[in-house]
Amino acid sequence: PARELVAAGAPGRTLRLEIEGAGGGEWLIALDSPAAVGSAEREVAHVALDGAEFCRLASGHVLPQDAAAGQVGDREAIRDVLAATAGLSRM
């Protein structure tokens with residue numbers, strides 16, 4: 001799917017991030033526009049991570065490509081979101 005800019009508040013291409021286990025949940029992450037809204041109808045990828053694995057990724061203890069994640073859909077979107085998660089360790 002092509003990248004696109006959408007108007008602020010409009011639904012955009014979306015990745016569903018699912019964190020499994022205690023304290024987990026699901027988030028719809030808009031991919032292409034900072035002010036876009038995540039939308040189940042515009043979902044292009046789904047990533048599922050165990051809560052402990054998500055914490056290891058976010059803290060820089062595992063590389064994005066090594067994260068044990070269930071992944072379906074747009075490979076570039078998945079790679080970008082996992083890399084952004086790993087980038088949290090540098091904030």
# chains A, B, ... in the order shown; residues from 1 in each chain; ligands from 1
>>> select_by_dssp(residues="region 7-77 of chain A", states="strand (DSSP E)", output="list of chain:residue names")
A:Thr14, A:Leu15, A:Arg16, A:Leu17, A:Glu18, A:Ile19, A:Glu20, A:Gly25, A:Glu26, A:Trp27, A:Leu28, A:Ile29, A:Ala30, A:Glu43, A:Val44, A:Ala45, A:His46, A:Val47, A:Ala48, A:Leu49, A:Asp50, A:Ala69, A:Gly70, A:Gln71, A:Val72, A:Gly73
>>> select_by_dssp(residues="region 17-85 of chain A", states="alpha helix (DSSP H)", output="ChimeraX atom specification")
/A:51-58,75-85
>>> closest_residue(among="A:Leu5, A:His46, A:Gly21, A:Leu28", to="Val72 (chain A)", atoms="only C-alpha atoms")
A:His46
>>> closest_residue(among="A:Val47, A:Ala67, A:His61, A:Gly73", to="Arg90 (chain A)", atoms="only C-alpha atoms")
A:His61
>>> closest_residue(among="A:Ala48, A:Ala86, A:Ala22, A:Ala77", to="Val62 (chain A)", atoms="only C-alpha atoms")
A:Ala86
>>> closest_residue(among="A:Val6, A:Cys55, A:Leu88, A:Ile78", to="Gly23 (chain A)", atoms="only C-alpha atoms")
A:Cys55
>>> atom_distance(atom1="CA of Pro11 (chain A)", atom2="CA of Ala30 (chain A)")
7.6 Å
>>> closest_residue(among="A:Gly38, A:Gly87, A:Gly24, A:Gly51", to="Leu63 (chain A)", atoms="only C-alpha atoms")
A:Gly87
